[in-house]
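Shown below: model_24.txt, with compact mmCIF, C-alpha atoms.
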# COMPACT_ATOMS: atom_id res chain seq x y z
CA MET A 198 -12.59 -62.92 75.06
CA ARG A 199 -13.98 -60.75 72.28
CA GLN A 200 -13.36 -57.59 74.27
CA LEU A 201 -9.81 -58.72 75.03
CA ILE A 202 -9.13 -59.36 71.35
CA GLU A 203 -10.54 -55.98 70.34
CA PHE A 204 -8.44 -54.32 73.04
CA GLU A 205 -5.25 -56.03 71.84
CA ILE A 206 -5.94 -55.15 68.20
CA LYS A 207 -6.45 -51.48 69.10
CA LYS A 208 -3.31 -51.52 71.22
CA MET A 209 -1.21 -52.93 68.36
CA LEU A 210 -2.59 -50.42 65.87
CA ARG A 211 -2.51 -47.29 68.01
CA LYS A 212 1.18 -46.43 67.55
CA PRO A 213 2.18 -43.58 65.18
CA LEU A 214 4.92 -45.79 63.71
CA VAL A 215 2.34 -48.38 62.70
CA TRP A 216 0.13 -45.82 60.97
CA ALA A 217 3.13 -44.30 59.23
CA ALA A 218 4.11 -47.78 57.99
CA LEU A 219 0.56 -48.50 56.82
CA LEU A 220 0.43 -45.18 54.99
CA GLY A 221 3.71 -46.09 53.32
CA LEU A 222 2.25 -49.45 52.30
CA VAL A 223 -0.85 -47.82 50.80
CA SER A 224 1.33 -45.38 48.86
CA PHE A 225 3.57 -48.20 47.63
CA ILE A 226 0.59 -50.28 46.49
CA ALA A 227 -0.89 -47.27 44.67
CA ILE A 228 2.39 -46.70 42.82
CA MET A 229 2.75 -50.40 41.95
CA GLU A 230 -0.83 -50.67 40.72
CA TYR A 231 -0.57 -47.51 38.61
CA SER A 232 2.81 -48.50 37.16
CA TRP A 233 2.03 -52.16 36.45
CA VAL A 234 -1.71 -52.81 36.42
CA VAL A 235 -4.04 -49.78 36.29
CA PRO A 236 -3.33 -49.12 33.46
CA GLY A 237 0.25 -50.30 33.86
CA TYR A 238 2.79 -49.89 31.11
CA ALA A 239 0.34 -50.77 28.30
CA ASP A 240 1.99 -49.41 25.15
CA ILE A 241 1.46 -50.26 21.49
CA GLN A 242 3.34 -49.07 18.42
CA MET A 243 2.09 -49.87 14.92
CA ALA A 244 2.36 -48.63 11.39
CA GLU A 245 -0.64 -46.93 9.76
CA ASN A 246 -0.44 -45.32 6.33
CA GLY A 247 3.34 -45.23 6.54
CA GLN A 248 3.31 -43.50 9.92
CA LYS A 249 4.22 -44.82 13.37
CA VAL A 250 1.22 -44.69 15.66
CA THR A 251 1.54 -45.03 19.44
CA ILE A 252 -1.29 -46.01 21.79
CA LYS A 253 -0.77 -45.92 25.56
CA GLY A 254 -2.56 -46.54 28.83
CA PHE A 255 -6.21 -47.52 29.02
CA GLU A 256 -6.63 -47.11 25.25
CA ALA A 257 -3.95 -49.73 24.57
CA ILE A 258 -5.49 -52.45 26.74
CA PRO A 259 -8.55 -53.29 24.54
CA VAL A 260 -6.38 -53.16 21.42
CA ASP A 261 -3.89 -55.60 22.93
CA LYS A 262 -6.71 -57.88 24.08
CA GLU A 263 -8.26 -57.89 20.61
CA ILE A 264 -4.95 -58.70 18.90
CA CYS A 265 -4.12 -61.46 21.39
CA ALA A 266 -7.61 -62.96 21.05
CA SER A 267 -6.87 -63.58 17.36
CA TYR A 268 -3.94 -65.80 18.26
CA HIS A 269 -5.15 -67.29 21.51
CA GLY A 270 -4.37 -70.99 21.80
CA SER A 271 -1.53 -73.40 21.18
CA VAL A 272 1.76 -72.01 19.93
CA THR A 273 2.86 -73.32 16.53
CA ASP A 274 5.78 -72.39 14.32
CA GLU A 275 3.38 -71.10 11.67
CA LYS A 276 1.53 -68.93 14.21
CA VAL A 277 4.83 -67.49 15.46
CA ARG A 278 5.95 -66.66 11.93
CA THR A 279 2.59 -65.07 11.09
CA ILE A 280 2.61 -62.86 14.17
CA VAL A 281 6.16 -61.64 13.65
CA GLU A 282 5.64 -60.93 9.95
CA THR A 283 2.25 -59.26 10.50
CA TYR A 284 3.47 -56.82 13.15
CA ASP A 285 6.98 -56.17 11.84
CA ILE A 286 7.03 -52.40 11.36
CA PRO A 287 8.63 -51.38 8.02
CA ASP A 288 12.15 -49.92 8.10
CA SER A 289 10.94 -46.75 6.39
CA VAL A 290 8.63 -46.00 9.33
CA TRP A 291 11.48 -46.34 11.85
CA GLU A 292 13.80 -44.21 9.71
CA ALA A 293 11.13 -41.52 9.37
CA ASN A 294 11.16 -41.26 13.16
CA ASP A 295 14.99 -41.19 13.37
CA ILE A 296 15.10 -44.72 14.86
CA ASP A 297 17.59 -47.37 13.77
CA PRO A 298 15.46 -50.16 12.15
CA ASN A 299 18.16 -52.71 13.00
CA ARG A 300 17.26 -52.29 16.68
CA GLU A 301 13.54 -52.83 16.21
CA TYR A 302 13.27 -55.62 18.78
CA HIS A 303 14.24 -53.12 21.52
CA TYR A 304 10.98 -51.24 21.00
CA VAL A 305 7.42 -52.21 21.89
CA HIS A 306 4.96 -53.36 19.24
CA ASN A 307 2.00 -55.09 20.86
CA LEU A 308 1.73 -57.68 23.60
CA VAL A 309 1.75 -60.82 21.46
CA TYR A 310 4.72 -59.62 19.38
CA ASN A 311 6.61 -58.53 22.50
CA ILE A 312 6.12 -61.97 24.08
CA LEU A 313 7.67 -63.66 21.07
CA SER A 314 10.46 -61.10 20.96
CA SER A 315 11.40 -61.73 24.60
CA ASN A 316 11.54 -65.47 23.91
CA GLY A 317 14.03 -65.25 21.04
CA PHE A 318 11.69 -65.54 18.06
CA VAL A 319 12.60 -62.10 16.71
CA ASN A 320 15.87 -60.86 15.18
CA PRO A 321 17.26 -57.43 16.17
CA ASP A 322 15.80 -55.99 12.95
CA GLY A 323 12.32 -57.25 13.85
CA SER A 324 12.18 -60.19 11.46
CA TYR A 325 11.45 -63.82 12.34
CA SER A 326 14.56 -65.51 13.75
CA GLY A 327 13.63 -68.96 12.48
CA GLN A 328 13.69 -70.48 15.97
CA THR A 329 11.06 -73.18 16.40
CA VAL A 330 8.76 -73.50 19.39
CA GLU A 331 10.33 -76.86 20.24
CA GLU A 332 13.83 -75.35 20.16
CA ALA A 333 12.72 -72.63 22.55
CA PHE A 334 10.68 -74.71 25.00
CA GLY A 335 11.59 -78.36 24.44
CA ASP A 336 9.09 -81.04 25.44
CA MET A 337 6.80 -78.44 26.98
CA ALA A 338 6.10 -76.82 23.60
CA PRO A 339 2.83 -78.67 22.77
CA GLU A 340 1.30 -77.66 26.12
CA LEU A 341 1.92 -73.92 25.83
CA ILE A 342 -1.00 -71.51 25.43
CA LEU A 343 -0.47 -68.02 24.04
CA GLY A 344 -2.79 -65.10 24.77
CA TYR A 345 -3.44 -61.91 26.71
CA SER A 346 -1.77 -62.36 30.09
CA THR A 347 -0.79 -58.83 31.17
CA GLY A 348 -3.43 -58.52 33.87
CA TRP A 349 -2.47 -61.71 35.69
CA GLU A 350 1.28 -61.33 35.20
CA CYS A 351 1.52 -57.73 36.37
CA THR A 352 -0.88 -58.25 39.27
CA ILE A 353 1.21 -61.12 40.62
CA TYR A 354 4.30 -58.96 40.18
CA ALA A 355 2.74 -56.02 42.05
CA LEU A 356 1.34 -58.24 44.81
CA LEU A 357 4.69 -59.95 45.29
CA TYR A 358 6.46 -56.76 46.29
CA SER A 359 3.44 -55.53 48.23
CA PHE A 360 3.44 -58.69 50.36
CA LEU A 361 7.17 -58.36 51.00
CA LEU A 362 6.55 -54.86 52.36
CA TRP A 363 3.47 -56.04 54.26
CA GLY A 364 5.73 -58.62 55.94
CA CYS A 365 7.94 -55.79 57.23
CA ILE A 366 4.92 -53.97 58.59
CA VAL A 367 3.54 -57.11 60.27
CA THR A 368 6.90 -57.39 62.01
CA VAL A 369 6.51 -53.82 63.29
CA ILE A 370 2.93 -54.44 64.44
CA VAL A 371 3.33 -57.87 66.06
CA SER A 372 6.80 -57.71 67.62
CA PRO A 373 5.67 -55.62 70.65
CA VAL A 374 2.63 -57.82 71.41
CA PHE A 375 4.38 -59.57 74.33
CA SER A 376 7.69 -57.74 74.60
CA GLU A 377 6.08 -54.33 75.18
CA GLU A 378 4.57 -55.67 78.39
CA TYR A 379 8.10 -56.39 79.63
CA THR A 380 9.26 -52.92 78.57
CA ILE A 381 6.53 -51.05 80.44
CA HIS A 382 6.43 -53.62 83.28
CA MET A 383 2.81 -54.55 82.66
CA ASP A 384 3.63 -58.27 82.58
CA ALA A 385 3.32 -58.50 86.35
CA LEU A 386 -0.21 -57.07 86.29
CA ILE A 387 -1.31 -59.26 83.39
CA LEU A 388 0.19 -62.54 84.62
CA THR A 389 -1.08 -62.16 88.16
CA GLY A 390 -4.62 -61.44 86.98
CA ILE A 391 -7.30 -64.10 86.96
CA HIS A 392 -7.29 -64.38 83.15
CA GLY A 393 -3.70 -63.24 82.53
CA ARG A 394 -1.98 -66.53 81.80
CA LYS A 395 -4.77 -67.96 79.68
CA LYS A 396 -7.30 -65.61 78.13
CA CYS A 397 -5.07 -62.53 77.88
CA THR A 398 -2.22 -64.51 76.35
CA LEU A 399 -4.52 -66.24 73.89
CA ALA A 400 -6.15 -62.92 72.98
CA LYS A 401 -2.75 -61.49 72.06
CA ILE A 402 -2.00 -64.44 69.78
CA ILE A 403 -5.43 -64.35 68.11
CA SER A 404 -5.15 -60.60 67.59
CA ALA A 405 -1.77 -60.93 65.91
CA PHE A 406 -3.03 -63.53 63.46
CA PHE A 407 -6.24 -61.60 62.87
CA ILE A 408 -4.29 -58.51 61.79
CA THR A 409 -2.01 -60.60 59.55
CA ILE A 410 -4.87 -62.48 57.86
CA ALA A 411 -7.21 -59.49 57.57
CA GLY A 412 -4.48 -57.28 56.12
CA SER A 413 -3.39 -59.97 53.67
CA LEU A 414 -6.97 -60.58 52.49
CA LEU A 415 -7.54 -56.84 52.09
CA LEU A 416 -4.32 -56.45 50.10
CA LEU A 417 -5.15 -59.42 47.90
CA GLY A 418 -8.76 -58.37 47.44
CA ILE A 419 -8.01 -54.78 46.41
CA CYS A 420 -5.30 -55.67 43.91
CA THR A 421 -7.24 -58.56 42.40
CA SER A 422 -10.40 -56.47 42.08
CA LEU A 423 -8.49 -53.73 40.27
CA MET A 424 -7.01 -56.29 37.89
CA LEU A 425 -10.39 -57.86 37.09
CA THR A 426 -11.98 -54.42 36.61
CA VAL A 427 -9.34 -53.22 34.16
CA HIS A 428 -8.14 -56.40 32.44
CA GLY A 429 -10.90 -58.92 33.11
CA THR A 430 -10.23 -62.64 33.42
CA ALA A 431 -8.60 -62.88 30.00
CA GLY A 432 -5.43 -64.95 29.95
CA TRP A 433 -6.09 -67.12 33.00
CA ASP A 434 -5.40 -70.23 30.89
CA CYS A 435 -2.25 -68.86 29.21
CA SER A 436 1.16 -70.30 30.02
CA VAL A 437 3.39 -68.43 32.45
CA GLN A 438 6.37 -69.24 30.21
CA LEU A 439 4.83 -66.89 27.63
CA GLY A 440 4.59 -63.81 29.82
CA GLU A 441 5.78 -60.49 28.44
CA LEU A 442 8.05 -59.79 31.42
CA GLY A 443 9.76 -63.17 31.11
CA TYR A 444 10.08 -63.70 34.88
CA TYR A 445 8.58 -67.20 34.77
CA ASP A 446 9.93 -68.41 31.44
CA ARG A 447 12.14 -70.95 33.25
CA VAL A 448 9.32 -72.73 35.09
CA PRO A 449 10.06 -76.36 34.10
CA TYR A 450 6.47 -77.65 34.09
CA SER A 451 3.16 -76.67 32.53
CA LEU A 452 1.58 -73.84 34.51
CA ASN A 453 -1.06 -71.26 33.59
CA TRP A 454 -1.64 -67.88 35.22
CA LEU A 455 -4.64 -68.94 37.29
CA GLN A 456 -2.64 -71.82 38.74
CA ALA A 457 0.31 -69.49 39.34
CA TYR A 458 -2.02 -67.07 41.14
CA GLY A 459 -3.26 -69.91 43.35
CA PHE A 460 0.29 -71.06 44.11
CA ALA A 461 1.26 -67.46 44.86
CA CYS A 462 -1.59 -67.16 47.38
CA ILE A 463 -0.36 -70.33 49.11
CA ALA A 464 3.16 -68.88 49.26
CA TRP A 465 2.06 -65.41 50.39
CA PHE A 466 -0.37 -66.50 53.07
CA GLY A 467 1.88 -69.35 54.21
CA GLY A 468 4.82 -66.98 54.45
CA MET A 469 2.81 -64.39 56.37
CA LEU A 470 1.48 -66.93 58.89
CA VAL A 471 4.93 -68.44 59.43
CA LEU A 472 6.39 -64.95 59.87
CA THR A 473 3.71 -64.04 62.41
CA SER A 474 4.41 -67.25 64.36
CA ILE A 475 8.14 -66.50 64.43
CA VAL A 476 7.60 -62.89 65.52
CA LEU A 477 5.25 -64.01 68.30
CA VAL A 478 7.91 -66.38 69.66
CA VAL A 479 10.59 -63.68 69.47
CA SER A 480 8.25 -61.22 71.17
CA ALA A 481 7.51 -63.64 73.99
CA LEU A 482 11.21 -64.39 74.50
CA GLY A 483 12.50 -60.85 74.01
CA LYS A 484 13.50 -58.57 76.86
CA SER A 485 12.15 -55.40 75.27
CA SER A 486 9.96 -54.32 72.36
CA PHE A 487 12.95 -52.77 70.56
CA SER A 488 15.07 -55.93 70.74
CA ALA A 489 12.10 -58.03 69.62
CA LEU A 490 11.57 -55.76 66.59
CA VAL A 491 15.23 -55.83 65.56
CA ILE A 492 15.59 -59.61 65.97
CA SER A 493 12.30 -60.29 64.15
CA PHE A 494 13.24 -58.06 61.23
CA VAL A 495 16.69 -59.65 60.93
CA ILE A 496 15.17 -63.15 60.92
CA TYR A 497 12.71 -62.03 58.24
CA ALA A 498 15.11 -60.14 55.96
CA ILE A 499 18.46 -61.98 56.13
CA PRO A 500 17.45 -65.09 54.10
CA MET A 501 16.85 -62.88 51.06
CA PHE A 502 20.56 -62.05 50.91
CA LEU A 503 21.96 -65.55 51.41
CA PRO A 504 23.49 -67.36 48.37
CA TRP A 505 21.00 -70.24 48.21
CA ASN A 506 21.74 -70.73 44.51
CA ILE A 507 25.24 -72.11 45.21
CA LEU A 508 23.87 -74.88 47.42
CA PRO A 509 22.58 -78.27 46.17
CA ASP A 510 18.94 -78.12 45.09
CA SER A 511 17.87 -80.40 47.94
CA VAL A 512 19.21 -77.82 50.43
CA ALA A 513 18.38 -74.65 48.49
CA LEU A 514 14.72 -75.65 48.22
CA TRP A 515 14.31 -75.39 51.99
CA GLY A 516 16.01 -72.02 51.93
CA TYR A 517 13.47 -70.81 49.38
CA LEU A 518 10.66 -71.97 51.69
CA LEU A 519 11.57 -69.38 54.33
CA PRO A 520 8.97 -66.58 54.56
CA ILE A 521 10.70 -63.82 52.60
CA THR A 522 12.16 -66.09 49.91
CA GLN A 523 8.94 -68.07 49.64
CA MET A 524 6.91 -64.90 49.08
CA GLN A 525 9.27 -63.91 46.24
CA LEU A 526 7.93 -66.90 44.27
CA LEU A 527 10.41 -66.91 41.41
CA LYS A 528 13.10 -69.29 42.68
CA LEU A 529 10.48 -71.57 44.22
CA PHE A 530 8.69 -71.84 40.88
CA GLU A 531 11.91 -72.72 39.05
CA PHE A 532 12.30 -76.04 40.91
CA ASP A 533 10.97 -79.04 39.03
CA LEU A 534 7.99 -81.05 40.25
CA LEU A 535 8.66 -83.15 43.33
CA LYS A 536 7.79 -86.83 43.41
CA ILE A 537 6.66 -89.04 46.26
CA GLY A 538 5.85 -92.51 45.00
CA SER A 539 3.50 -92.07 42.06
CA ILE A 540 2.46 -88.55 43.12
CA THR A 541 4.08 -85.47 41.60
CA PHE A 542 3.44 -81.96 42.92
CA PRO A 543 4.87 -78.41 42.72
CA PRO A 544 7.38 -77.51 45.48
CA VAL A 545 5.14 -74.67 46.67
CA TYR A 546 2.80 -77.29 48.15
CA LEU A 547 5.45 -77.93 50.80
CA ALA A 548 4.49 -74.55 52.24
CA VAL A 549 1.20 -76.01 53.51
CA PRO A 550 2.56 -78.58 56.00
CA ILE A 551 5.40 -76.23 56.95
CA THR A 552 2.88 -73.49 57.74
CA VAL A 553 0.72 -75.83 59.84
CA ILE A 554 3.71 -77.12 61.81
CA VAL A 555 5.19 -73.67 62.43
CA LEU A 556 1.76 -72.31 63.38
CA ILE A 557 1.26 -74.98 66.04
CA VAL A 558 4.81 -74.66 67.38
CA GLY A 559 4.71 -70.85 67.32
CA ILE A 560 1.38 -70.59 69.12
CA LEU A 561 2.29 -73.12 71.82
CA TRP A 562 5.81 -71.79 72.31
CA SER A 563 4.85 -68.12 72.52
CA LYS A 564 1.90 -68.89 74.80
CA LYS A 565 4.05 -70.99 77.13
CA SER A 566 6.94 -68.48 77.15
CA PHE A 567 4.74 -65.54 78.10
CA SER A 568 2.52 -67.46 80.52
CA GLN A 569 5.53 -68.81 82.39
CA HIS A 570 7.46 -65.55 82.32
CA GLN A 571 9.07 -64.80 85.64
CA VAL A 572 7.23 -61.89 87.22
CA VAL A 573 9.61 -59.59 89.08

Can the structure in the file be given as structure tokens, please?
Amino acid sequence: MRQLIEFEIKKMLRKPLVWAALLGLVSFIAIMEYSWVVPGYADIQMAENGQKVTIKGFEAIPVDKEICASYHGSVTDEKVRTIVETYDIPDSVWEANDIDPNREYHYVHNLVYNILSSNGFVNPDGSYSGQTVEEAFGDMAPELILGYSTGWECTIYALLYSFLLWGCIVTVIVSPVFSEEYTIHMDALILTGIHGRKKCTLAKIISAFFITIAGSLLLLGICTSLMLTVHGTAGWDCSVQLGELGYYDRVPYSLNWLQAYGFACIAWFGGMLVLTSIVLVVSALGKSSFSALVISFVIYAIPMFLPWNILPDSVALWGYLLPITQMQLLKLFEFDLLKIGSITFPPVYLAVPITVIVLIVGILWSKKSFSQHQVV
């Protein structure tokens, strides 16, 4: 069995198209990591001796971390006011650099100031808007934790798009696993062999999932290691609603970045396993490797363009649990906690039973379809 699995893995990875796609993925990840994480868009502007000083890249990261460490913890109105007033750059400094001081909130200061600015605590001229934490976040206000969150936030952002692209590549790799045998008329040889209907078929399925899981772990491991090396673990306990990018500011329940990272892993791995199961079924049912690839890609990509937001939440939620929408995270995170009896849980947990069910159905269906394929 081991030799069969190794043979199938090599066969799936031998095609020039696959290596071109993998090279594209590596290039994309490198660009995403450089742009968002290592060192990312780290940028600080401050006033020193009446002059505007700018710090960028790796030099800005420790400065941001030090500033955020001073204010790490619960968010209070007094803390918000102090931060805004402390890091409000004087009008004279902006004017000296030919910049309109009444548009100060459009420009970067430091991470903690930028977070407050993106959440409405800063006026266009850079002064405190007077908005209270409770006005901005409602009942969730007492639970919010402010701090350095760039590493976690940007890594999740980079991984999100990397997994979406990895899903496309998995479709390219896995779609020919059964259908190629029909195309080159090898199905007759395989299915009439002593191990064709059992061991060979099972080896194909195991190989497909091995590539999906190994690639996903490698992708996750590389990006996470880079984040920990550059940014450390700082900010794992900070609230996602207080991220600088503002992508998760509408999450309606208390959630920190470590929890969000865990939920994201559930969504990414669940989505990848479901996608692999679907592609295996399509491959086993397809008449050729080309048709299997096209149908698999359409099934994967189309849900991203459907108007789920106009449907009732009870229906839209299931639409956001499809592989490509699930791996995008954002809409799934914006649903409130679900309740069954006295138990409440985030909607992303639904991905676990869905993944298990689709895995079982996909494996059995694809195995049966190929094993019982009519040999001509």

Which residues of stretch 419-534 of chain A sit at most 12 Å from stretch 308-325 of chain A, using only C-alpha atoms? Give each one's shortest atom pair and distance in Å (one decimal place), in chain and ascending residue order, as JSON lines.
{"residue": "A:Gly432", "atom": "CA", "partner": "A:Val309", "partner_atom": "CA", "distance": 11.9}
{"residue": "A:Cys435", "atom": "CA", "partner": "A:Val309", "partner_atom": "CA", "distance": 11.9}
{"residue": "A:Ser436", "atom": "CA", "partner": "A:Ile312", "partner_atom": "CA", "distance": 11.4}
{"residue": "A:Val437", "atom": "CA", "partner": "A:Ile312", "partner_atom": "CA", "distance": 10.9}
{"residue": "A:Gln438", "atom": "CA", "partner": "A:Asn316", "partner_atom": "CA", "distance": 9.0}
{"residue": "A:Leu439", "atom": "CA", "partner": "A:Ile312", "partner_atom": "CA", "distance": 6.2}
{"residue": "A:Gly440", "atom": "CA", "partner": "A:Ile312", "partner_atom": "CA", "distance": 6.2}
{"residue": "A:Glu441", "atom": "CA", "partner": "A:Ile312", "partner_atom": "CA", "distance": 4.6}
{"residue": "A:Leu442", "atom": "CA", "partner": "A:Ser315", "partner_atom": "CA", "distance": 7.8}
{"residue": "A:Gly443", "atom": "CA", "partner": "A:Ser315", "partner_atom": "CA", "distance": 6.9}
{"residue": "A:Tyr444", "atom": "CA", "partner": "A:Ser315", "partner_atom": "CA", "distance": 10.5}
{"residue": "A:Tyr445", "atom": "CA", "partner": "A:Asn316", "partner_atom": "CA", "distance": 11.4}
{"residue": "A:Asp446", "atom": "CA", "partner": "A:Asn316", "partner_atom": "CA", "distance": 8.2}
{"residue": "A:Arg447", "atom": "CA", "partner": "A:Asn316", "partner_atom": "CA", "distance": 10.8}

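Ranking A:Ile403, A:Ala431, A:Ser372, A:Lys207 by their shortest atom-to-atom distance to A:Ser488, with only C-alpha atoms included, puts A:Ser372 first.
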
Review point. What is the distance, in Å and to one decimal place, between atom CA of A:Glu256 and atom CA of A:Ala244?
Key: 16.6 Å

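For A:Thr368, the set of protein, DNA and RNA residues having any atom at most 7 Å away, when counting all atoms listed in the file and skipping those fewer than 2 positions along the same chain, is Gly364, Cys365, Ile366, Ile370, Val371, Ser372, Val476, Leu490, Ser493 and Phe494 of chain A.
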
Review point. What is the distance, in Å and to one decimal place, between atom CA of A:Tyr458 and atom CA of A:Val215?
Key: 28.9 Å

Check your understanding: Contacts of stretch 548-555 of chain A at 7 Å or less, counting only C-alpha atoms, minus same-chain residues fewer than 2 places along, as a ChimeraX atom specification?
Key -> /A:464,467,470-471,474,518,545-546,557-559

Practice item. Taking (9.1, -43.3, 9.3) in the file's own coordinates, collect the residues within 10 Å, counting all atoms listed in the file, and hand them back as a PyMOL selection string. Key: chain A and resi 244+247-249+286-296+298

Point to revise | Of the listed residues A:Phe466, A:Tyr345, A:Tyr517, A:Phe406, that which approaches A:Thr430 most closely, counting all atoms listed in the file | key: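 Once distances to A:Thr430 are computed over all atoms listed in the file, the minimum belongs to A:Tyr345.
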
**Study point:** Computed interatomic separation between atom CA of A:Ala457 and atom CA of A:Glu332 (Å)
**Key:**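 It comes out at 24.2 Å.
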
Point to revise | Answer as an MDAnalysis selection string, residues within 12 Å of (12.5, -67.3, 47.5) using all atoms listed in the file | key: chainID A and resid 357 361 461 464:465 468 497:506 513:532 544:545 548

Point to revise | Selected residue, from A:Asn246, A:Ser480, A:Ser404, A:Thr352, that lies nearest to A:Ser422 when counting all atoms listed in the file | key: A:Thr352

Draw an axis-aligned box over all listed atoms of stretch 407-416 of chain A, pad each side with 3 Å, and write its centre and edge lengths in Å, one decimal, as AutoDock Vina command-line options.
--center_x -4.8 --center_y -59.5 --center_z 56.5 --size_x 11.5 --size_y 12.0 --size_z 18.8

Practice item. Could you check which of A:Leu210, A:Cys420, A:Val305, A:Ala411 is closest to A:Ile228, using only C-alpha atoms? Key: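 When distances to A:Ile228 are compared using only C-alpha atoms, the smallest one comes from A:Cys420.
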
Check your understanding: Using all atoms listed in the file, which residue out of A:Ile408, A:Cys351, A:Ala481, A:Val330 lies closest to A:Phe375?
Key ->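 Counting all atoms listed in the file, the residue closest to A:Phe375 is A:Ala481.
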
Can you tell me which residues surround A:Gln456 at a distance of at most 9 Å, considering all atoms listed in the file, apart from same-chain residues fewer than 4 positions away, and format the answer as a short mmCIF file (atom, residue, chain, number, x, y, z; two decimals) with C-alpha atoms, keeping the file's coordinate frame?
data_model
loop_
_atom_site.label_atom_id
_atom_site.label_comp_id
_atom_site.auth_asym_id
_atom_site.auth_seq_id
_atom_site.Cartn_x
_atom_site.Cartn_y
_atom_site.Cartn_z
CA TRP A 433 -6.09 -67.12 33.00
CA ASP A 434 -5.40 -70.23 30.89
CA LEU A 452 1.58 -73.84 34.51
CA PHE A 460 0.29 -71.06 44.11
CA ALA A 461 1.26 -67.46 44.86
#

Exercise for review: Point out the residue among A:Asn299, A:Ser359, A:Thr273, A:Ser326 with the least atom-to-atom distance to A:Leu222, counting all atoms listed in the file.
Suggested key: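 Of the candidates, the smallest distance to A:Leu222 is held by A:Ser359.
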
Review point. Quick one: residues within 9 Å of A:Gln242, all atoms listed in the file counted, chain neighbours fewer than 3 positions away excluded, as JSON, numbers by chain?
Key: {"A": [249, 250, 251, 252, 253, 286, 304, 305, 306, 307]}
